[in-house]
>>> print(open('target34.csv').read())   # CSV, C-alpha atoms
chain,number,residue,atom,x,y,z
A,1424,MET,CA,31.6,-15.3,24.0
A,1425,LEU,CA,33.6,-12.4,22.5
A,1426,SER,CA,36.5,-11.0,24.4
A,1427,ARG,CA,36.7,-7.3,25.2
A,1428,ARG,CA,39.2,-6.8,22.5
A,1429,GLN,CA,37.1,-8.8,19.9
A,1430,THR,CA,34.1,-6.7,20.9
A,1431,LEU,CA,36.0,-3.5,20.4
A,1432,LEU,CA,37.3,-4.6,17.0
A,1433,ALA,CA,33.9,-5.6,15.9
A,1434,GLY,CA,32.5,-2.3,17.0
A,1435,LEU,CA,35.2,-0.4,15.1
A,1436,SER,CA,34.5,-2.5,12.0
A,1437,LEU,CA,30.8,-1.7,12.1
A,1438,TRP,CA,31.5,2.0,12.7
A,1439,GLY,CA,33.8,2.1,9.8
A,1440,ALA,CA,31.3,0.3,7.4
A,1441,SER,CA,28.7,3.1,7.6
A,1442,PRO,CA,30.9,5.9,6.1
A,1443,ALA,CA,32.0,3.5,3.4
A,1444,ALA,CA,28.5,2.7,2.5
A,1445,HIS,CA,27.6,6.4,2.4
A,1446,ALA,CA,30.6,7.1,0.3
A,1447,ARG,CA,29.5,4.6,-2.3
A,1448,ALA,CA,26.0,6.1,-2.3
A,1449,ASP,CA,27.5,9.6,-2.6
A,1450,SER,CA,29.6,8.7,-5.7
A,1451,TYR,CA,26.8,6.6,-7.3
A,1452,PRO,CA,26.4,6.3,-10.2
A,1453,ALA,CA,29.8,6.4,-11.7
A,1454,ARG,CA,28.9,4.4,-14.8
A,1455,PRO,CA,25.8,3.4,-16.7
A,1456,ILE,CA,23.0,1.5,-14.9
A,1457,ARG,CA,21.4,-1.5,-16.5
A,1458,LEU,CA,17.6,-1.7,-15.8
A,1459,ILE,CA,16.4,-5.2,-16.8
A,1460,VAL,CA,12.8,-5.6,-17.9
A,1461,PRO,CA,12.0,-9.4,-18.0
A,1462,TYR,CA,9.5,-9.0,-20.8
A,1463,ALA,CA,9.5,-8.1,-24.5
A,1464,ALA,CA,9.6,-4.4,-25.5
A,1465,GLY,CA,6.2,-2.6,-25.8
A,1466,GLY,CA,4.5,-3.9,-22.7
A,1467,ASN,CA,3.4,-2.0,-19.6
A,1468,SER,CA,6.5,-2.7,-17.5
A,1469,ASP,CA,8.6,-1.7,-20.5
A,1470,VAL,CA,6.8,1.6,-20.9
A,1471,ILE,CA,7.2,2.4,-17.2
A,1472,ALA,CA,10.8,1.4,-17.2
A,1473,ARG,CA,11.7,3.5,-20.2
A,1474,THR,CA,9.8,6.6,-19.0
A,1475,VAL,CA,11.3,6.5,-15.5
A,1476,GLY,CA,14.7,5.4,-16.8
A,1477,ALA,CA,14.9,8.4,-19.2
A,1478,LYS,CA,14.2,10.8,-16.3
A,1479,LEU,CA,16.8,9.0,-14.1
A,1480,THR,CA,19.3,9.4,-16.9
A,1481,GLN,CA,18.8,13.2,-16.7
A,1482,THR,CA,18.9,13.4,-12.9
A,1483,LEU,CA,21.7,10.9,-12.2
A,1484,GLY,CA,24.0,12.0,-15.0
A,1485,GLN,CA,24.6,8.4,-16.2
A,1486,PRO,CA,22.7,6.5,-18.8
A,1487,VAL,CA,20.0,4.1,-17.6
A,1488,ILE,CA,20.0,1.4,-20.2
A,1489,ILE,CA,16.8,-0.7,-20.6
A,1490,ASP,CA,17.7,-4.4,-21.1
A,1491,ASN,CA,14.7,-6.6,-22.2
A,1492,ARG,CA,15.2,-10.2,-21.2
A,1493,PRO,CA,11.8,-11.9,-21.9
A,1494,GLY,CA,10.8,-15.4,-21.3
A,1495,ALA,CA,9.9,-18.0,-18.6
A,1496,SER,CA,7.3,-15.8,-16.9
A,1497,GLY,CA,9.9,-13.1,-16.0
A,1498,ILE,CA,12.3,-15.7,-14.5
A,1499,ILE,CA,15.1,-15.2,-17.1
A,1500,GLY,CA,15.5,-11.5,-16.4
A,1501,SER,CA,14.9,-11.8,-12.7
A,1502,GLU,CA,17.7,-14.4,-12.3
A,1503,VAL,CA,20.2,-12.1,-13.9
A,1504,VAL,CA,19.4,-9.5,-11.3
A,1505,ALA,CA,19.3,-11.9,-8.4
A,1506,LYS,CA,22.8,-13.1,-9.3
A,1507,ALA,CA,24.3,-9.6,-10.0
A,1508,ALA,CA,26.6,-7.6,-7.7
A,1509,PRO,CA,24.6,-5.6,-5.2
A,1510,ASP,CA,26.2,-2.3,-6.3
A,1511,GLY,CA,23.1,-0.7,-7.8
A,1512,TYR,CA,24.3,-1.1,-11.4
A,1513,THR,CA,21.9,-3.9,-12.2
A,1514,LEU,CA,18.2,-3.4,-11.4
A,1515,LEU,CA,14.9,-5.0,-12.2
A,1516,MET,CA,11.5,-3.6,-13.2
A,1517,ILE,CA,9.0,-6.3,-12.8
A,1518,SER,CA,5.2,-6.7,-12.8
A,1519,SER,CA,3.7,-7.7,-9.5
A,1520,GLY,CA,2.0,-10.5,-11.5
A,1521,ASN,CA,5.2,-12.5,-11.8
A,1522,LEU,CA,6.9,-11.1,-8.7
A,1523,THR,CA,4.2,-12.4,-6.4
A,1524,THR,CA,2.9,-15.5,-8.2
A,1525,ASN,CA,6.0,-17.2,-9.5
A,1526,PRO,CA,6.8,-18.6,-6.0
A,1527,SER,CA,3.5,-20.5,-6.1
A,1528,LEU,CA,3.4,-21.3,-9.8
A,1529,PHE,CA,6.8,-23.0,-10.1
A,1530,GLU,CA,8.0,-25.8,-7.9
A,1531,THR,CA,11.6,-24.5,-8.2
A,1532,LEU,CA,13.0,-21.1,-9.1
A,1533,PRO,CA,16.7,-20.2,-9.6
A,1534,TYR,CA,16.3,-17.7,-6.8
A,1535,ASP,CA,14.3,-17.0,-3.7
A,1536,THR,CA,12.0,-14.1,-4.3
A,1537,ALA,CA,11.9,-13.0,-0.7
A,1538,ARG,CA,15.6,-13.5,0.0
A,1539,ASP,CA,17.5,-12.7,-3.2
A,1540,PHE,CA,16.2,-9.2,-4.0
A,1541,THR,CA,16.4,-5.8,-2.4
A,1542,PRO,CA,13.0,-4.0,-2.6
A,1543,ILE,CA,13.5,-0.4,-3.6
A,1544,SER,CA,10.1,1.0,-4.7
A,1545,ASN,CA,6.7,0.1,-5.9
A,1546,VAL,CA,6.8,2.6,-8.9
A,1547,ALA,CA,3.4,2.6,-10.4
A,1548,TYR,CA,0.3,0.6,-11.1
A,1549,THR,CA,-2.3,0.3,-13.9
A,1550,THR,CA,-5.6,-1.3,-14.5
A,1551,TYR,CA,-6.5,-3.4,-17.5
A,1552,SER,CA,-9.1,-3.4,-20.2
A,1553,LEU,CA,-10.8,-6.5,-21.5
A,1554,ASN,CA,-10.3,-6.2,-25.3
A,1555,VAL,CA,-11.6,-8.2,-28.3
A,1556,HIS,CA,-10.7,-8.2,-31.9
A,1557,PRO,CA,-13.5,-6.5,-34.0
A,1558,SER,CA,-14.1,-9.7,-35.8
A,1559,LEU,CA,-15.4,-11.3,-32.7
A,1560,PRO,CA,-19.2,-10.8,-32.7
A,1561,VAL,CA,-19.6,-9.4,-29.2
A,1562,ARG,CA,-20.1,-5.9,-27.9
A,1563,SER,CA,-20.4,-6.4,-24.1
A,1564,VAL,CA,-19.0,-8.5,-21.3
A,1565,GLN,CA,-22.3,-10.4,-21.1
A,1566,GLU,CA,-22.2,-11.2,-24.8
A,1567,LEU,CA,-18.6,-12.4,-24.5
A,1568,ILE,CA,-19.5,-14.6,-21.5
A,1569,ALA,CA,-22.5,-16.1,-23.4
A,1570,LEU,CA,-20.4,-16.8,-26.5
A,1571,ALA,CA,-17.6,-18.4,-24.4
A,1572,LYS,CA,-20.0,-20.6,-22.6
A,1573,ALA,CA,-21.6,-21.7,-25.8
A,1574,GLU,CA,-18.2,-22.6,-27.3
A,1575,PRO,CA,-16.0,-23.6,-24.4
A,1576,GLY,CA,-12.3,-23.3,-25.3
A,1577,LYS,CA,-12.9,-22.2,-28.9
A,1578,ILE,CA,-12.0,-18.6,-28.4
A,1579,ASP,CA,-8.2,-17.9,-28.3
A,1580,ALA,CA,-7.1,-15.4,-25.7
A,1581,ALA,CA,-3.6,-13.9,-25.6
A,1582,THR,CA,-1.6,-13.4,-22.4
A,1583,PRO,CA,1.9,-11.9,-21.8
A,1584,GLY,CA,3.0,-15.1,-20.2
A,1585,ILE,CA,2.2,-17.4,-17.3
A,1586,GLY,CA,1.7,-15.5,-14.0
A,1587,THR,CA,1.8,-12.1,-15.6
A,1588,GLY,CA,-0.9,-9.5,-14.8
A,1589,GLY,CA,-2.7,-10.1,-18.1
A,1590,HIS,CA,-2.8,-13.8,-17.4
A,1591,LEU,CA,-4.0,-13.5,-13.9
A,1592,ALA,CA,-6.6,-10.9,-14.9
A,1593,LEU,CA,-8.0,-13.4,-17.4
A,1594,GLU,CA,-7.9,-16.3,-15.0
A,1595,LEU,CA,-9.9,-14.2,-12.5
A,1596,PHE,CA,-12.4,-13.4,-15.2
A,1597,MET,CA,-12.8,-17.1,-16.2
A,1598,SER,CA,-13.1,-18.1,-12.6
A,1599,LEU,CA,-15.9,-15.6,-11.8
A,1600,SER,CA,-17.8,-16.0,-15.1
A,1601,GLY,CA,-17.5,-19.8,-15.4
A,1602,THR,CA,-16.0,-19.5,-18.9
A,1603,ARG,CA,-13.0,-21.1,-20.6
A,1604,PHE,CA,-10.8,-19.6,-23.3
A,1605,THR,CA,-7.8,-21.3,-25.0
A,1606,GLN,CA,-5.0,-19.3,-23.6
A,1607,VAL,CA,-2.0,-18.5,-25.8
A,1608,HIS,CA,1.0,-17.4,-23.6
A,1609,TYR,CA,3.6,-15.0,-25.2
A,1610,LYS,CA,6.9,-13.6,-23.9
A,1611,GLY,CA,5.5,-10.2,-23.1
A,1612,ALA,CA,2.5,-7.9,-23.6
A,1613,GLY,CA,3.9,-6.5,-26.9
A,1614,PRO,CA,3.7,-9.7,-28.9
A,1615,ALA,CA,0.5,-10.8,-27.2
A,1616,LEU,CA,-1.2,-7.5,-28.2
A,1617,ALA,CA,0.3,-7.7,-31.7
A,1618,ASP,CA,-1.4,-11.0,-32.4
A,1619,THR,CA,-4.7,-9.8,-31.0
A,1620,LEU,CA,-4.5,-6.7,-33.3
A,1621,SER,CA,-3.9,-9.0,-36.3
A,1622,GLY,CA,-6.8,-11.2,-35.3
A,1623,GLN,CA,-4.7,-14.3,-34.7
A,1624,THR,CA,-6.1,-14.3,-31.1
A,1625,LYS,CA,-9.4,-12.8,-30.3
A,1626,VAL,CA,-9.3,-11.7,-26.6
A,1627,ILE,CA,-6.7,-10.0,-24.4
A,1628,MET,CA,-6.6,-8.5,-20.9
A,1629,ASP,CA,-4.1,-5.6,-21.6
A,1630,ALA,CA,-2.9,-2.7,-19.6
A,1631,MET,CA,-4.5,0.6,-20.6
A,1632,SER,CA,-1.0,2.1,-21.1
A,1633,THR,CA,-0.5,-0.1,-24.1
A,1634,SER,CA,-4.1,-0.6,-25.4
A,1635,LEU,CA,-5.3,3.0,-25.5
A,1636,ARG,CA,-4.1,4.1,-28.9
A,1637,HIS,CA,-5.4,0.9,-30.5
A,1638,LEU,CA,-8.7,1.3,-28.8
A,1639,ARG,CA,-9.0,4.9,-30.0
A,1640,ALA,CA,-8.1,3.8,-33.5
A,1641,GLY,CA,-10.7,1.1,-33.4
A,1642,THR,CA,-8.3,-1.8,-34.2
A,1643,ILE,CA,-9.5,-3.5,-31.0
A,1644,ARG,CA,-12.7,-3.1,-28.9
A,1645,ALA,CA,-12.9,-2.6,-25.1
A,1646,LEU,CA,-15.7,-4.4,-23.4
A,1647,GLY,CA,-14.8,-3.5,-19.8
A,1648,GLN,CA,-12.2,-2.1,-17.4
A,1649,SER,CA,-10.7,-4.1,-14.6
A,1650,GLY,CA,-10.6,-1.4,-12.0
A,1651,ALA,CA,-13.1,-0.6,-9.2
A,1652,VAL,CA,-14.1,2.6,-11.0
A,1653,ARG,CA,-14.1,3.8,-14.6
A,1654,SER,CA,-11.0,5.5,-15.8
A,1655,SER,CA,-11.4,9.1,-17.0
A,1656,LEU,CA,-9.5,8.0,-20.2
A,1657,MET,CA,-12.4,5.6,-21.1
A,1658,PRO,CA,-15.5,7.0,-19.4
A,1659,ASP,CA,-17.9,5.3,-21.7
A,1660,VAL,CA,-16.4,1.8,-21.0
A,1661,PRO,CA,-17.9,0.2,-17.9
A,1662,THR,CA,-16.0,-1.7,-15.3
A,1663,ILE,CA,-16.2,-5.4,-15.7
A,1664,ALA,CA,-18.2,-5.5,-12.5
A,1665,GLU,CA,-20.7,-3.0,-13.8
A,1666,ALA,CA,-20.9,-4.8,-17.1
A,1667,GLY,CA,-22.2,-8.0,-15.5
A,1668,LEU,CA,-19.5,-9.7,-13.5
A,1669,PRO,CA,-20.0,-8.5,-9.8
A,1670,GLY,CA,-16.9,-8.7,-7.6
A,1671,TYR,CA,-14.4,-8.5,-10.4
A,1672,GLU,CA,-11.5,-6.1,-9.8
A,1673,TYR,CA,-7.9,-6.3,-10.8
A,1674,SER,CA,-4.8,-4.0,-11.1
A,1675,VAL,CA,-1.1,-4.7,-11.4
A,1676,ALA,CA,1.9,-2.9,-9.9
A,1677,ASN,CA,5.4,-2.5,-11.3
A,1678,ALA,CA,8.2,-2.8,-8.7
A,1679,LEU,CA,11.9,-1.8,-8.8
A,1680,LEU,CA,14.2,-4.3,-7.2
A,1681,GLY,CA,17.9,-4.8,-6.9
A,1682,PRO,CA,20.1,-7.8,-5.9
A,1683,ALA,CA,20.1,-8.8,-2.2
A,1684,GLY,CA,22.7,-7.1,0.0
A,1685,MET,CA,22.6,-3.6,-1.4
A,1686,PRO,CA,23.8,-1.0,1.1
A,1687,PRO,CA,20.9,0.8,2.8
A,1688,ALA,CA,22.3,4.2,1.9
A,1689,LEU,CA,22.3,3.2,-1.8
A,1690,VAL,CA,18.8,1.9,-1.6
A,1691,GLU,CA,17.7,5.1,0.1
A,1692,LYS,CA,19.3,7.2,-2.7
A,1693,LEU,CA,17.8,5.1,-5.5
A,1694,GLN,CA,14.3,5.2,-3.9
A,1695,ALA,CA,14.5,9.0,-3.5
A,1696,GLU,CA,15.6,9.4,-7.1
A,1697,VAL,CA,12.8,7.1,-8.3
A,1698,VAL,CA,10.2,9.1,-6.3
A,1699,LYS,CA,11.6,12.4,-7.8
A,1700,ALA,CA,11.6,11.0,-11.3
A,1701,SER,CA,8.2,9.4,-11.3
A,1702,ARG,CA,6.5,12.4,-9.7
A,1703,SER,CA,8.1,15.0,-12.1
A,1704,PRO,CA,5.4,16.9,-14.0
A,1705,ASP,CA,6.2,15.5,-17.5
A,1706,VAL,CA,6.3,11.9,-16.3
A,1707,LEU,CA,3.0,12.4,-14.3
A,1708,GLU,CA,1.4,13.9,-17.4
A,1709,LYS,CA,2.6,11.0,-19.7
A,1710,PHE,CA,1.5,8.4,-17.2
A,1711,ALA,CA,-1.9,10.0,-16.7
A,1712,ASP,CA,-2.5,9.9,-20.5
A,1713,LEU,CA,-1.8,6.2,-20.4
A,1714,GLY,CA,-3.8,5.3,-17.3
A,1715,ILE,CA,-0.8,4.7,-15.2
A,1716,VAL,CA,-1.0,5.7,-11.5
A,1717,VAL,CA,2.3,6.6,-9.7
A,1718,THR,CA,2.8,5.0,-6.3
A,1719,ALA,CA,6.5,5.5,-5.5
A,1720,SER,CA,6.5,3.6,-2.3
A,1721,THR,CA,9.2,3.1,0.3
A,1722,PRO,CA,11.2,-0.1,0.4
A,1723,ASP,CA,9.4,-1.2,3.6
A,1724,GLU,CA,6.0,-0.6,1.9
A,1725,LEU,CA,7.1,-2.7,-1.1
A,1726,THR,CA,8.3,-5.5,1.2
A,1727,GLY,CA,4.9,-5.6,2.9
A,1728,TYR,CA,3.1,-5.5,-0.4
A,1729,MET,CA,5.1,-8.4,-1.7
A,1730,LYS,CA,4.4,-10.5,1.3
A,1731,ALA,CA,0.7,-9.8,1.3
A,1732,GLU,CA,0.3,-10.4,-2.5
A,1733,THR,CA,2.4,-13.5,-2.5
A,1734,ALA,CA,0.2,-15.0,0.2
A,1735,LYS,CA,-3.1,-13.9,-1.6
A,1736,TRP,CA,-2.1,-15.4,-4.9
A,1737,ALA,CA,-0.8,-18.6,-3.4
A,1738,ARG,CA,-4.4,-19.2,-2.2
A,1739,ILE,CA,-5.9,-18.3,-5.6
A,1740,ILE,CA,-3.4,-20.4,-7.6
A,1741,ARG,CA,-4.0,-23.4,-5.4
A,1742,ALA,CA,-7.8,-23.0,-5.7
A,1743,ALA,CA,-7.8,-22.6,-9.5
A,1744,ASN,CA,-5.0,-25.3,-9.9
A,1745,ILE,CA,-3.1,-23.0,-12.2
A,1746,LYS,CA,0.0,-24.7,-13.6
A,1747,PRO,CA,2.8,-23.4,-15.8
A,1748,ASP,CA,2.9,-24.8,-19.4
>>> encode(input="target34.csv", output="structure tokens")
Amino acid sequence: MLSRRQTLLAGLSLWGASPAAHARADSYPARPIRLIVPYAAGGNSDVIARTVGAKLTQTLGQPVIIDNRPGASGIIGSEVVAKAAPDGYTLLMISSGNLTTNPSLFETLPYDTARDFTPISNVAYTTYSLNVHPSLPVRSVQELIALAKAEPGKIDAATPGIGTGGHLALELFMSLSGTRFTQVHYKGAGPALADTLSGQTKVIMDAMSTSLRHLRAGTIRALGQSGAVRSSLMPDVPTIAEAGLPGYEYSVANALLGPAGMPPALVEKLQAEVVKASRSPDVLEKFADLGIVVTASTPDELTGYMKAETAKWARIIRAANIKPD
């Protein structure tokens, strides 16, 4: 039991900590911020990070430097942030695919997802399109399902990596349709899409933000959309559920995290700046053109989302027996 003097000293210490934390937040940032994207450049998370990062550079008065650290299903880049100083100068923009599935996919991780990060904001989400290379002789979801069933495992499908949104969207499709593709896992959406555009792989579940210009150019073909409703950007492309796979629906969020132990005042300031940046008219316009929907949640909302999604995907991963390569 603390003595009266110890209690008084502890109280004075706590009282003195709050102004210090606020002082750090008031002077932040005093140098460039490194925003780590644990995927190759060109993917959905990278697009969101660069767009919001450019706006934060303007509003914060310090450069927000995008640092792509692809590989190992987002683990390499995530570990850098988990082990960084909690001073707000090293942050993480990660897909909810890896954020909420890695704890179930991998027996061990070099960090604890729930313990070693500070949730800041769920920034934005996007839906996917089911795309095929034009050389594949299918023009509908039902035709793709029929061909895949006739030739199990003979069609190569690209994913951005184990546990990413593109991978899970494809796993859900195979599970509901009873099909099997040979999955080729890349270190990000950019290289996965590049190989599908070249015809090296034939199928990809890709975020609209990165697929749209290629779909409009005709270099890949969209068979269906993963959302519950059609996007106004592709009104003529049915949802996958409409196109013959009832119950199919998938979207992926992109979350901003920092290392564990960040001062609450600093988290509050960062979240407010992210909300302001992501909801600025030019960012909203750009995201709308790419099919990206801004969420800009609170830290508590992101924490709740992470818990719910981690539990949900743990059940799905166990049921489908999904294993990392």
>>> residues_around(input="target34.csv", residues="A:Glu1696", least_positions_apart="3", cutoff="9 Å", atoms="all atoms listed in the file", output="list in words")
Leu1479, Thr1482, Leu1483, Glu1691, Lys1692, Leu1693, Lys1699, Ala1700 and Ser1701 of chain A
>>> residues_around(input="target34.csv", residues="A:Tyr1671", least_positions_apart="2", cutoff="8 Å", atoms="only C-alpha atoms", output="PyMOL selection string")
chain A and resi 1595-1596+1599+1649+1663-1664+1668-1669+1673
>>> atom_distance(input="target34.csv", atom1="atom CA of A:Asn1525", atom2="atom CA of A:Ser1496")
7.6 Å
>>> residues_around(input="target34.csv", residues="A:Leu1515", least_positions_apart="2", cutoff="12 Å", atoms="all atoms listed in the file", output="number ranges by chain")
A: 1456-1462, 1468-1469, 1471-1472, 1476, 1487-1492, 1497-1507, 1509, 1511-1513, 1517-1519, 1522, 1540-1546, 1677-1683
>>> write_last_selection(input="target34.csv", atoms="C-alpha atoms", output="PDB file, keeping the file's coordinate frame")
ATOM      1  CA  ILE A1456      23.000   1.500 -14.900  1.00  0.00           C
ATOM      2  CA  ARG A1457      21.400  -1.500 -16.500  1.00  0.00           C
ATOM      3  CA  LEU A1458      17.600  -1.700 -15.800  1.00  0.00           C
ATOM      4  CA  ILE A1459      16.400  -5.200 -16.800  1.00  0.00           C
ATOM      5  CA  VAL A1460      12.800  -5.600 -17.900  1.00  0.00           C
ATOM      6  CA  PRO A1461      12.000  -9.400 -18.000  1.00  0.00           C
ATOM      7  CA  TYR A1462       9.500  -9.000 -20.800  1.00  0.00           C
ATOM      8  CA  SER A1468       6.500  -2.700 -17.500  1.00  0.00           C
ATOM      9  CA  ASP A1469       8.600  -1.700 -20.500  1.00  0.00           C
ATOM     10  CA  ILE A1471       7.200   2.400 -17.200  1.00  0.00           C
ATOM     11  CA  ALA A1472      10.800   1.400 -17.200  1.00  0.00           C
ATOM     12  CA  GLY A1476      14.700   5.400 -16.800  1.00  0.00           C
ATOM     13  CA  VAL A1487      20.000   4.100 -17.600  1.00  0.00           C
ATOM     14  CA  ILE A1488      20.000   1.400 -20.200  1.00  0.00           C
ATOM     15  CA  ILE A1489      16.800  -0.700 -20.600  1.00  0.00           C
ATOM     16  CA  ASP A1490      17.700  -4.400 -21.100  1.00  0.00           C
ATOM     17  CA  ASN A1491      14.700  -6.600 -22.200  1.00  0.00           C
ATOM     18  CA  ARG A1492      15.200 -10.200 -21.200  1.00  0.00           C
ATOM     19  CA  GLY A1497       9.900 -13.100 -16.000  1.00  0.00           C
ATOM     20  CA  ILE A1498      12.300 -15.700 -14.500  1.00  0.00           C
ATOM     21  CA  ILE A1499      15.100 -15.200 -17.100  1.00  0.00           C
ATOM     22  CA  GLY A1500      15.500 -11.500 -16.400  1.00  0.00           C
ATOM     23  CA  SER A1501      14.900 -11.800 -12.700  1.00  0.00           C
ATOM     24  CA  GLU A1502      17.700 -14.400 -12.300  1.00  0.00           C
ATOM     25  CA  VAL A1503      20.200 -12.100 -13.900  1.00  0.00           C
ATOM     26  CA  VAL A1504      19.400  -9.500 -11.300  1.00  0.00           C
ATOM     27  CA  ALA A1505      19.300 -11.900  -8.400  1.00  0.00           C
ATOM     28  CA  LYS A1506      22.800 -13.100  -9.300  1.00  0.00           C
ATOM     29  CA  ALA A1507      24.300  -9.600 -10.000  1.00  0.00           C
ATOM     30  CA  PRO A1509      24.600  -5.600  -5.200  1.00  0.00           C
ATOM     31  CA  GLY A1511      23.100  -0.700  -7.800  1.00  0.00           C
ATOM     32  CA  TYR A1512      24.300  -1.100 -11.400  1.00  0.00           C
ATOM     33  CA  THR A1513      21.900  -3.900 -12.200  1.00  0.00           C
ATOM     34  CA  ILE A1517       9.000  -6.300 -12.800  1.00  0.00           C
ATOM     35  CA  SER A1518       5.200  -6.700 -12.800  1.00  0.00           C
ATOM     36  CA  SER A1519       3.700  -7.700  -9.500  1.00  0.00           C
ATOM     37  CA  LEU A1522       6.900 -11.100  -8.700  1.00  0.00           C
ATOM     38  CA  PHE A1540      16.200  -9.200  -4.000  1.00  0.00           C
ATOM     39  CA  THR A1541      16.400  -5.800  -2.400  1.00  0.00           C
ATOM     40  CA  PRO A1542      13.000  -4.000  -2.600  1.00  0.00           C
ATOM     41  CA  ILE A1543      13.500  -0.400  -3.600  1.00  0.00           C
ATOM     42  CA  SER A1544      10.100   1.000  -4.700  1.00  0.00           C
ATOM     43  CA  ASN A1545       6.700   0.100  -5.900  1.00  0.00           C
ATOM     44  CA  VAL A1546       6.800   2.600  -8.900  1.00  0.00           C
ATOM     45  CA  ASN A1677       5.400  -2.500 -11.300  1.00  0.00           C
ATOM     46  CA  ALA A1678       8.200  -2.800  -8.700  1.00  0.00           C
ATOM     47  CA  LEU A1679      11.900  -1.800  -8.800  1.00  0.00           C
ATOM     48  CA  LEU A1680      14.200  -4.300  -7.200  1.00  0.00           C
ATOM     49  CA  GLY A1681      17.900  -4.800  -6.900  1.00  0.00           C
ATOM     50  CA  PRO A1682      20.100  -7.800  -5.900  1.00  0.00           C
ATOM     51  CA  ALA A1683      20.100  -8.800  -2.200  1.00  0.00           C
TER      52      ALA A1683
END
>>> residues_around(input="target34.csv", residues="A:Asn1467", least_positions_apart="2", cutoff="8 Å", atoms="only C-alpha atoms", output="PyMOL selection string")
chain A and resi 1465+1469-1471+1612+1630+1632-1633
>>> atom_distance(input="target34.csv", atom1="atom CA of A:Lys1577", atom2="atom CA of A:Asn1554")
16.6 Å
